[in-house]
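S.K.: Next comes the structure file structure_4.cif, holding mmCIF, C-alpha atoms.
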data_data
#
loop_
_atom_site.label_atom_id
_atom_site.label_comp_id
_atom_site.auth_asym_id
_atom_site.auth_seq_id
_atom_site.Cartn_x
_atom_site.Cartn_y
_atom_site.Cartn_z
CA MET A 1 0.00 0.00 0.00
CA LYS A 2 2.82 2.36 0.90
CA LYS A 3 4.44 1.65 -2.46
CA TYR A 4 1.33 2.74 -4.36
CA LEU A 5 0.95 5.81 -2.16
CA ASN A 6 4.47 6.89 -3.05
CA LEU A 7 3.74 6.36 -6.74
CA ILE A 8 0.64 8.56 -6.47
CA ILE A 9 2.70 11.26 -4.74
CA LEU A 10 5.25 10.94 -7.54
CA GLN A 11 2.57 11.50 -10.17
CA PHE A 12 1.30 14.62 -8.39
CA PHE A 13 4.86 15.91 -8.18
CA PHE A 14 5.46 15.32 -11.90
CA PHE A 15 2.32 17.02 -13.16
CA GLY A 16 2.64 19.79 -10.59
CA ALA A 17 6.15 20.54 -11.77
CA MET A 18 5.00 20.56 -15.38
CA ALA A 19 2.21 23.00 -14.56
CA GLN A 20 4.33 25.36 -12.46
CA ALA A 21 7.42 25.45 -14.66
CA PRO A 22 7.79 28.71 -16.58
CA ALA A 23 7.13 28.14 -20.28
CA ASN A 24 10.04 28.94 -22.59
CA LYS A 25 8.29 29.24 -25.94
CA LEU A 26 9.86 29.92 -29.30
CA GLN A 27 7.83 31.67 -32.01
CA LEU A 28 9.44 30.85 -35.35
CA PRO A 29 8.29 32.66 -38.52
CA LEU A 30 7.50 30.42 -41.49
CA THR A 31 8.71 30.55 -45.06
CA TYR A 32 6.42 28.77 -47.55
CA VAL A 33 7.99 26.67 -50.28
CA ASP A 34 6.32 24.98 -53.24
CA GLY A 35 6.92 21.23 -53.42
CA TYR A 36 6.67 18.28 -51.05
CA GLY A 37 10.02 18.62 -49.30
CA PRO A 38 10.99 15.40 -47.49
CA TYR A 39 7.39 14.24 -46.94
CA PHE A 40 5.19 11.63 -48.56
CA GLN A 41 3.12 13.08 -51.39
CA ALA A 42 -0.35 12.56 -49.92
CA MET A 43 -3.52 13.30 -51.91
CA ALA A 44 -7.22 13.56 -51.02
CA GLY A 45 -10.37 12.84 -52.99
CA LEU A 46 -12.26 15.89 -54.27
CA SER A 47 -15.81 16.21 -52.94
CA TRP A 48 -18.48 17.47 -55.30
CA ASP A 49 -21.26 19.84 -54.25
CA ASP A 50 -24.27 17.97 -52.89
CA GLU A 51 -27.31 19.74 -54.31
CA ASN A 52 -29.63 18.30 -51.65
CA PRO A 53 -31.18 21.35 -49.88
CA LEU A 54 -31.07 19.40 -46.60
CA ASN A 55 -27.27 19.26 -46.78
CA SER A 56 -25.82 21.44 -43.99
CA TRP A 57 -23.34 23.00 -46.45
CA PHE A 58 -25.96 23.70 -49.13
CA LYS A 59 -26.16 27.48 -48.62
CA THR A 60 -22.37 27.81 -48.85
CA TYR A 61 -22.23 26.64 -52.47
CA LYS A 62 -21.43 29.26 -55.10
CA ASP A 63 -22.73 29.71 -58.62
CA ILE A 64 -19.93 29.45 -61.16
CA LYS A 65 -20.19 31.46 -64.34
CA GLY A 66 -18.60 30.73 -67.70
CA ILE A 67 -19.10 26.95 -67.76
CA PRO A 68 -19.14 25.91 -71.46
CA PRO A 69 -22.82 25.53 -72.42
CA SER A 70 -22.06 22.37 -74.42
CA TRP A 71 -20.87 20.51 -71.33
CA THR A 72 -23.09 17.82 -69.85
CA ALA A 73 -22.99 15.94 -66.53
CA VAL A 74 -21.52 19.04 -64.91
CA LYS A 75 -20.27 18.84 -61.33
CA LYS A 76 -18.67 21.47 -59.11
CA GLY A 77 -16.12 20.66 -56.43
CA ILE A 78 -14.28 22.80 -53.92
CA ILE A 79 -10.74 22.72 -52.55
CA PHE A 80 -10.38 24.48 -49.20
CA PHE A 81 -7.27 26.44 -48.40
CA ASP A 82 -8.64 26.96 -44.89
CA ILE A 83 -11.83 25.08 -44.06
CA ARG A 84 -11.99 26.58 -40.54
CA GLN A 85 -12.03 30.08 -42.00
CA PHE A 86 -14.66 28.91 -44.50
CA ALA A 87 -16.85 27.51 -41.70
CA TYR A 88 -16.49 30.63 -39.55
CA GLN A 89 -17.35 33.11 -42.30
CA ASN A 90 -20.36 31.08 -43.38
CA TYR A 91 -21.59 30.83 -39.80
CA ALA A 92 -21.15 34.60 -39.43
CA THR A 93 -23.19 35.21 -42.59
CA GLY A 94 -25.92 32.72 -41.66
CA ASN A 95 -25.12 30.10 -44.30
CA ILE A 96 -24.63 27.34 -41.74
CA SER A 97 -26.56 26.88 -38.52
CA LYS A 98 -25.21 27.38 -35.02
CA ASP A 99 -25.80 23.71 -34.22
CA PHE A 100 -23.80 22.60 -37.25
CA TYR A 101 -21.03 25.09 -36.45
CA ILE A 102 -20.74 23.67 -32.92
CA GLU A 103 -20.78 20.16 -34.36
CA LEU A 104 -17.84 21.08 -36.61
CA GLN A 105 -15.90 22.47 -33.65
CA ASN A 106 -16.40 19.24 -31.72
CA CYS A 107 -15.51 17.12 -34.73
CA TRP A 108 -12.32 19.08 -35.41
CA ASN A 109 -11.47 19.56 -31.71
CA TRP A 110 -11.35 23.25 -32.55
CA LYS A 111 -11.83 26.32 -30.38
CA PRO A 112 -12.09 29.25 -32.81
CA ASP A 113 -9.79 32.20 -32.11
CA THR A 114 -11.76 34.94 -33.84
CA THR A 115 -8.76 37.29 -33.75
CA LEU A 116 -7.19 35.02 -36.38
CA LEU A 117 -10.33 34.73 -38.52
CA SER A 118 -12.13 37.09 -40.89
CA LYS A 119 -15.85 37.59 -40.34
CA THR A 120 -16.04 39.17 -43.79
CA PRO A 121 -16.03 36.34 -46.38
CA ILE A 122 -12.72 35.82 -48.15
CA ASN A 123 -11.70 33.53 -51.02
CA CYS A 124 -10.19 30.76 -48.89
CA PHE A 125 -11.16 28.12 -51.46
CA VAL A 126 -11.03 27.35 -55.17
CA TYR A 127 -13.66 25.72 -57.38
CA VAL A 128 -13.03 22.90 -59.85
CA VAL A 129 -15.67 22.13 -62.51
CA ARG A 130 -15.96 18.81 -64.33
CA GLY A 131 -18.11 17.95 -67.33
CA LYS A 132 -18.23 16.17 -70.68
CA ASN A 133 -17.71 18.18 -73.83
CA SER A 134 -19.58 17.71 -77.11
CA ALA A 135 -17.17 14.93 -78.09
CA GLY A 136 -17.99 13.01 -74.91
CA LYS A 137 -14.58 13.60 -73.33
CA GLN A 138 -14.33 14.35 -69.64
CA MET A 139 -12.95 17.85 -69.09
CA LEU A 140 -11.88 19.97 -66.13
CA VAL A 141 -11.60 23.69 -65.59
CA VAL A 142 -10.24 25.43 -62.49
CA ASP A 143 -11.34 28.87 -61.29
CA SER A 144 -7.70 29.92 -61.04
CA GLN A 145 -8.51 33.64 -60.58
CA GLY A 146 -10.87 32.99 -57.67
CA ASN A 147 -13.56 35.17 -59.27
CA LEU A 148 -16.25 32.45 -59.54
CA ASP A 149 -16.04 32.71 -63.34
CA VAL A 150 -14.21 30.09 -65.45
CA ALA A 151 -14.73 31.91 -68.75
CA ASP A 152 -11.17 33.26 -68.36
CA ASP A 153 -9.73 29.80 -67.59
CA THR A 154 -8.69 27.08 -70.02
CA PRO A 155 -10.50 23.71 -69.86
CA PHE A 156 -8.27 20.65 -70.13
CA GLU A 157 -8.58 16.90 -70.34
CA PRO A 158 -7.26 15.37 -67.11
CA VAL A 159 -4.35 12.99 -67.52
CA LYS A 160 -4.93 9.63 -65.91
CA HIS A 161 -2.31 8.46 -63.43
CA PRO A 162 -2.08 5.17 -61.51
CA ARG A 163 -3.64 5.39 -58.06
CA ALA A 164 -0.34 4.91 -56.22
CA SER A 165 1.48 7.61 -58.20
CA THR A 166 1.68 11.38 -57.90
CA PRO A 167 1.85 13.57 -61.02
CA PRO A 168 5.02 15.62 -61.59
CA LEU A 169 5.06 19.15 -60.20
CA LYS A 170 5.05 20.59 -63.73
CA GLU A 171 1.36 19.64 -63.91
CA THR A 172 0.35 21.97 -61.06
CA ILE A 173 -2.01 24.90 -61.61
CA GLN A 174 -1.36 28.23 -59.90
CA VAL A 175 -4.52 29.59 -58.29
CA ALA A 176 -5.37 32.80 -56.45
CA TYR A 177 -6.80 32.79 -52.93
CA GLN A 178 -6.97 34.97 -49.82
CA LYS A 179 -5.73 34.58 -46.28
CA LEU A 180 -5.91 36.70 -43.13
CA ILE A 181 -2.33 37.59 -42.15
CA GLY A 182 -1.63 40.01 -39.32
CA GLY A 183 -5.26 41.08 -39.29
CA LYS A 184 -5.26 41.95 -43.00
CA VAL A 185 -6.79 40.05 -45.91
CA THR A 186 -3.87 39.15 -48.18
CA ASP A 187 -3.99 38.01 -51.80
CA LEU A 188 -1.84 34.94 -52.39
CA LYS A 189 -1.18 32.24 -54.96
CA ALA A 190 -0.54 28.54 -54.50
CA PRO A 191 -0.13 25.47 -56.70
CA ILE A 192 -2.77 22.75 -56.79
CA MET A 193 -2.33 19.27 -58.22
CA LEU A 194 -5.16 17.28 -59.78
CA LYS A 195 -4.99 13.57 -60.56
CA ASN A 196 -7.59 11.49 -62.33
CA ASP A 197 -7.78 7.72 -61.99
CA SER A 198 -10.44 5.13 -62.71
CA SER A 199 -12.36 5.87 -59.50
CA MET A 200 -12.26 9.60 -58.75
CA LEU A 201 -10.50 12.95 -58.97
CA TRP A 202 -7.71 13.52 -56.46
CA PHE A 203 -6.01 16.73 -55.40
CA ASN A 204 -3.35 18.19 -53.18
CA ILE A 205 -1.58 21.48 -52.55
CA PRO A 206 2.15 20.75 -52.96
CA ARG A 207 3.46 23.29 -50.51
CA HIS A 208 5.31 22.97 -47.22
CA ALA A 209 6.93 25.42 -44.84
CA LYS A 210 10.36 25.96 -43.34
CA ALA A 211 11.54 27.50 -40.09
CA GLN A 212 14.97 28.10 -38.59
CA PHE A 213 16.37 28.90 -35.18
CA ARG A 214 19.71 28.98 -33.42
CA GLN A 215 20.68 26.95 -30.36
CA ASN A 216 24.10 27.03 -28.70
CA GLY A 217 25.75 28.60 -31.73
CA ARG A 218 24.25 26.17 -34.24
CA ASN A 219 21.46 26.71 -36.77
CA TYR A 220 18.66 24.16 -37.02
CA ASP A 221 16.35 23.95 -40.03
CA LEU A 222 12.85 22.54 -39.69
CA ASN A 223 10.35 21.37 -42.29
CA ILE A 224 6.63 21.74 -41.59
CA SER A 225 3.85 19.85 -43.37
CA ASN A 226 0.05 19.87 -43.20
CA ASP A 227 -0.34 16.73 -45.35
CA PHE A 228 -0.77 18.93 -48.45
CA ILE A 229 -4.57 19.11 -48.32
CA SER A 230 -4.94 22.77 -47.29
CA ASP A 231 -2.99 25.95 -46.56
CA ASP A 232 -3.81 25.73 -42.85
CA PHE A 233 -0.64 24.69 -41.01
CA SER A 234 -2.11 24.84 -37.48
CA GLU A 235 -1.82 21.03 -37.15
CA ALA A 236 1.89 21.21 -37.93
CA ARG A 237 3.85 18.03 -38.62
CA ILE A 238 7.50 18.94 -38.16
CA THR A 239 10.83 17.25 -38.71
CA LEU A 240 14.45 18.33 -38.82
CA ALA A 241 15.53 19.18 -42.36
CA GLN A 242 18.23 16.50 -42.17
CA ASN A 243 15.57 13.75 -41.95
CA LYS A 244 14.20 12.20 -45.13
CA ILE A 245 10.70 10.72 -44.86
CA THR A 246 11.12 8.17 -47.62
CA THR A 247 10.17 5.03 -45.70
CA MET A 248 7.67 4.09 -43.02
CA GLN A 249 10.56 4.04 -40.55
CA GLY A 250 11.22 7.66 -41.44
CA MET A 251 7.76 8.57 -40.15
CA ASP A 252 9.14 8.15 -36.62
CA SER A 253 11.11 11.37 -37.05
CA ILE A 254 7.91 13.41 -37.55
CA SER A 255 6.51 15.30 -34.56
CA ASN A 256 2.77 15.94 -34.78
CA LYS A 257 1.09 18.76 -32.91
CA GLY A 258 1.19 18.02 -29.17
CA GLU A 259 4.13 15.64 -29.53
CA TYR A 260 7.80 16.18 -28.71
CA ILE A 261 10.91 16.64 -30.79
CA THR A 262 14.57 16.58 -29.77
CA ILE A 263 16.63 19.37 -31.30
CA GLY A 264 20.27 19.49 -30.31
CA LYS A 265 20.40 18.76 -26.59
CA LYS A 266 16.91 20.03 -25.81
CA ILE A 267 13.38 18.67 -26.00
CA TYR A 268 10.49 20.75 -27.31
CA ARG A 269 6.75 20.31 -27.47
CA ASN A 270 5.21 21.02 -30.88
CA ASN A 271 2.37 23.47 -30.17
CA GLY A 272 1.50 23.87 -33.85
CA VAL A 273 1.38 26.96 -36.03
CA ILE A 274 -0.30 30.07 -34.64
CA ALA A 275 -0.64 33.15 -36.87
CA ASP A 276 1.97 31.84 -39.33
CA ARG A 277 4.52 31.12 -36.60
CA LEU A 278 5.60 27.70 -35.38
CA GLU A 279 5.47 27.51 -31.59
CA LEU A 280 7.96 25.23 -29.85
CA GLU A 281 7.82 24.96 -26.07
CA GLU A 282 11.04 23.94 -24.36
CA ILE A 283 10.50 21.29 -21.69
CA THR A 284 14.10 20.20 -20.99
CA ASP A 285 14.42 22.35 -17.84
CA THR A 286 11.09 21.08 -16.55
CA LEU A 287 12.14 17.48 -17.08
CA GLU A 288 15.41 18.11 -15.25
CA ASN A 289 13.50 19.54 -12.27
CA VAL A 290 11.14 16.58 -12.31
CA SER A 291 14.08 14.19 -12.58
CA SER A 292 15.68 15.70 -9.46
CA GLY A 293 12.40 15.45 -7.58
CA VAL A 294 11.92 11.86 -8.67
CA ALA A 295 15.41 11.01 -7.43
CA ARG A 296 14.68 12.53 -4.01
CA ILE A 297 11.39 10.66 -3.65
CA GLU A 298 12.92 7.43 -4.93
CA ASN A 299 15.82 7.71 -2.45
CA LYS A 300 13.45 8.35 0.45
CA TYR A 301 11.24 5.45 -0.62
CA LEU A 302 14.13 2.99 -0.95
CA LEU A 303 15.60 3.96 2.41
CA GLY A 304 12.20 3.53 4.02
CA GLN A 305 11.83 0.02 2.56
CA ARG A 306 15.08 -1.33 4.00
CA THR A 307 14.58 -4.07 6.60
CA HIS A 308 17.02 -2.42 9.00
CA THR A 309 17.94 1.18 8.41
CA ARG A 310 21.01 2.66 10.11
CA ALA A 311 18.72 4.59 12.47
CA GLN A 312 16.87 1.40 13.44
CA THR A 313 20.09 -0.53 13.94
CA LEU A 314 21.47 2.14 16.31
CA ALA A 315 18.21 2.70 18.20
CA TRP A 316 19.66 0.90 21.26
CA PHE A 317 22.39 3.57 21.46
CA LYS A 318 19.99 6.54 21.80
CA PRO A 319 19.68 6.38 25.70
CA TYR A 320 23.47 6.47 26.02
CA GLN A 321 24.09 9.48 23.77
CA GLY A 322 23.63 12.07 26.54
CA SER A 323 24.62 10.02 29.60
CA LEU A 324 28.28 9.57 30.50
CA SER A 325 27.37 7.39 33.52
CA LYS A 326 25.39 4.95 31.36
CA LEU A 327 28.31 4.68 29.01
CA ARG A 328 30.61 3.88 31.94
CA HIS A 329 28.11 1.58 33.68
CA PRO A 330 25.77 0.08 31.03
#
Just give me the structure as structure tokens.
M.R.:
Amino acid sequence: MKKYLNLIILQFFFFGAMAQAPANKLQLPLTYVDGYGPYFQAMAGLSWDDENPLNSWFKTYKDIKGIPPSWTAVKKGIIFFDIRQFAYQNYATGNISKDFYIELQNCWNWKPDTTLLSKTPINCFVYVVRGKNSAGKQMLVVDSQGNLDVADDTPFEPVKHPRASTPPLKETIQVAYQKLIGGKVTDLKAPIMLKNDSSMLWFNIPRHAKAQFRQNGRNYDLNISNDFISDDFSEARITLAQNKITTMQGMDSISNKGEYITIGKKIYRNNGVIADRLELEEITDTLENVSSGVARIENKYLLGQRTHTRAQTLAWFKPYQGSLSKLRHP
């Protein structure tokens, strides 16, 4: 029983030390780079607008102008650069219900920080339109200007690629979108990749981020990924630039948000990207304090468990310590 009590005390000590330790947080600015960097080239299936009026997203759908009138079997799909921004602005404008908005927050484990979001709708998405031309060929057109009009965009026949492959970067399409940066709506461009196979249309956004900081006179370069399915890097997956994620074993070097990464001689918690800055929280000092506390408790526990401690063995001597007569005449 005493053993378990000591373990419980140890747990309280550990978590108490973690809570009371001053946080040493690094805020590292990001540089965005086109391409996949060292990461696997993940893709996601494009979802087409569901025209059922009972669909919770129905009021968020946009009319797209300029679709060739000869096209048949037309479908519209959307790629989100920031689906949280999209949800927030559509809740603010009444296009999605409060209940559905709360449901999304629970599903995404998301607590909206409205200081980082625009209540005024911004183009945080891009539309892709698919249809068959008069010759019966399947065609695509991307609203690359973000103006909800594809009359100024060039339709193309999607190239089929095997499911397990990723098209070369030369096949990307540069598209315009908007993002709130430093409280201001900023016009940006990013590449999108589309892949057609026998089952569906796939997409990704081949862009990752980089960050750098200095520790003990040495520079460390970090790569940051969001799995290439949006421009929202809040759920940052980070790795040292020296690591190549080319095998499943290489995945072990990736630190997801909330996990830890060793850089140099220190350990950091990955707190994700906040306002275009990667936040790393140093925990090495905290662990050292906890380690010292654990050692003290462990030492006290082990001494207490000895069958005969030094104090117990010399208990007979205590009456004689202050009595010279007892020492002379025991």
S.K.: Compile the contact shell of Thr93 (chain A) as a list in words: residues with an atom at most 12 Å away, counting only C-alpha atoms, same-chain residues fewer than 4 positions apart removed.
M.R.: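 The contact residues come out as Lys59, Thr60, Phe86, Ala87, Tyr88, Gln89, Ser97, Lys98, Ser118, Lys119, Thr120, Pro121 and Ile122 of chain A.
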S.K.: List every protein, DNA or RNA residue with an atom no more than 9 Å from (1.9, 19.7, -60.7) in the file's coordinates, counting all atoms listed in the file, and format the result as a count of residues only.
M.R.: 14
S.K.: Rounded to one decimal in Å, what is the spacing between CA of Pro68 (chain A) and CA of Ala151 (chain A)?
M.R.: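 Calculated distance between CA of Pro68 (chain A) and CA of Ala151 (chain A) is 7.9 Å.
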S.K.: Please write out, as JSON, where the centre of an axis-aligned box around all listed atoms of region 251-267 of chain A lies and how long its edges are, in Å to one decimal, after adding 4 Å on each side.
M.R.:
{"center_x": 10.7, "center_y": 14.1, "center_z": -33.0, "size_x": 27.3, "size_y": 19.9, "size_z": 22.3}
S.K.: Closest to Leu240 (chain A) among A:Ala209, A:Met139, A:Ile79, A:Ile181, using all atoms listed in the file?
M.R.: A:Ala209
S.K.: I'd like the contact shell of Val273 (chain A) - 8 Å cut-off, all atoms listed in the file, skipping same-chain residues fewer than 6 positions apart - returned as a list of chain:residue names.
M.R.: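 In the requested format, the answer is A:Phe233, A:Ser234, A:Glu235, A:Ala236, A:Glu279.
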S.K.: Please list, as a PDB file with C-alpha atoms, in the frame of the given file, the residues that have an atom at most 6 Å away from (-10.4, 25.2, -68.1) in the coordinates of this file, counting only C-alpha atoms.
M.R.:
ATOM      1  CA  LEU A 140     -11.880  19.970 -66.130  1.00  0.00           C
ATOM      2  CA  VAL A 141     -11.600  23.690 -65.590  1.00  0.00           C
ATOM      3  CA  VAL A 142     -10.240  25.430 -62.490  1.00  0.00           C
ATOM      4  CA  ASP A 153      -9.730  29.800 -67.590  1.00  0.00           C
ATOM      5  CA  THR A 154      -8.690  27.080 -70.020  1.00  0.00           C
ATOM      6  CA  PRO A 155     -10.500  23.710 -69.860  1.00  0.00           C
ATOM      7  CA  PHE A 156      -8.270  20.650 -70.130  1.00  0.00           C
TER       8      PHE A 156
END
S.K.: CA of Arg237 (chain A) and CA of Phe100 (chain A) are how many Å apart?
M.R.: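 Value for the CA of Arg237 (chain A)-CA of Phe100 (chain A) distance: 28.1 Å.
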S.K.: Identify, on the basis of all atoms listed in the file, every residue whose closest approach to Lys65 (chain A) does not exceed 10 Å; exclude the query and any residue fewer than 4 positions from it along the same chain; express the result as a PyMOL selection string.
M.R.: chain A and resi 143+147-151
S.K.: With C-alpha atoms retained, export the selected residues as an mmCIF file, in the frame of the given file.
M.R.:
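So the final result, stored in again.cif, reads:
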data_model
loop_
_atom_site.group_PDB
_atom_site.id
_atom_site.type_symbol
_atom_site.label_atom_id
_atom_site.label_comp_id
_atom_site.auth_asym_id
_atom_site.auth_seq_id
_atom_site.Cartn_x
_atom_site.Cartn_y
_atom_site.Cartn_z
ATOM 1 C CA ASP A 143 -11.340 28.870 -61.290
ATOM 2 C CA ASN A 147 -13.560 35.170 -59.270
ATOM 3 C CA LEU A 148 -16.250 32.450 -59.540
ATOM 4 C CA ASP A 149 -16.040 32.710 -63.340
ATOM 5 C CA VAL A 150 -14.210 30.090 -65.450
ATOM 6 C CA ALA A 151 -14.730 31.910 -68.750
#
S.K.: Using the chain letters and numbering of this document, enumerate as a tab-separated table (two decimals) with C-alpha atoms, keeping the file's coordinate frame the residues selected by the PyMOL selection byres ((chain A and resi 37) around 10).
M.R.:
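This is the output file out-v4.tsv:
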chain	number	residue	atom	x	y	z
A	33	VAL	CA	7.99	26.67	-50.28
A	34	ASP	CA	6.32	24.98	-53.24
A	35	GLY	CA	6.92	21.23	-53.42
A	36	TYR	CA	6.67	18.28	-51.05
A	38	PRO	CA	10.99	15.40	-47.49
A	39	TYR	CA	7.39	14.24	-46.94
A	40	PHE	CA	5.19	11.63	-48.56
A	41	GLN	CA	3.12	13.08	-51.39
A	206	PRO	CA	2.15	20.75	-52.96
A	207	ARG	CA	3.46	23.29	-50.51
A	208	HIS	CA	5.31	22.97	-47.22
A	209	ALA	CA	6.93	25.42	-44.84
A	210	LYS	CA	10.36	25.96	-43.34
A	223	ASN	CA	10.35	21.37	-42.29
A	224	ILE	CA	6.63	21.74	-41.59
A	225	SER	CA	3.85	19.85	-43.37
A	241	ALA	CA	15.53	19.18	-42.36
A	244	LYS	CA	14.20	12.20	-45.13
A	245	ILE	CA	10.70	10.72	-44.86
S.K.: Of the candidates A:Asp227, A:Asp187, A:Asp152, A:Asp197, which shows the shortest atom-to-atom distance to Ile67 (chain A), using all atoms listed in the file?
M.R.: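 Among the listed residues, A:Asp152 lies closest to Ile67 (chain A).
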S.K.: Spell out the residues picked by the PyMOL selection byres ((chain A and resi 126) around 12) here, as an NGL selection string.
M.R.: :A and (46 or 61-62 or 64 or 76-83 or 86 or 122-125 or 127-129 or 141-150 or 173-178 or 189-192 or 203 or 205 or 230-231)
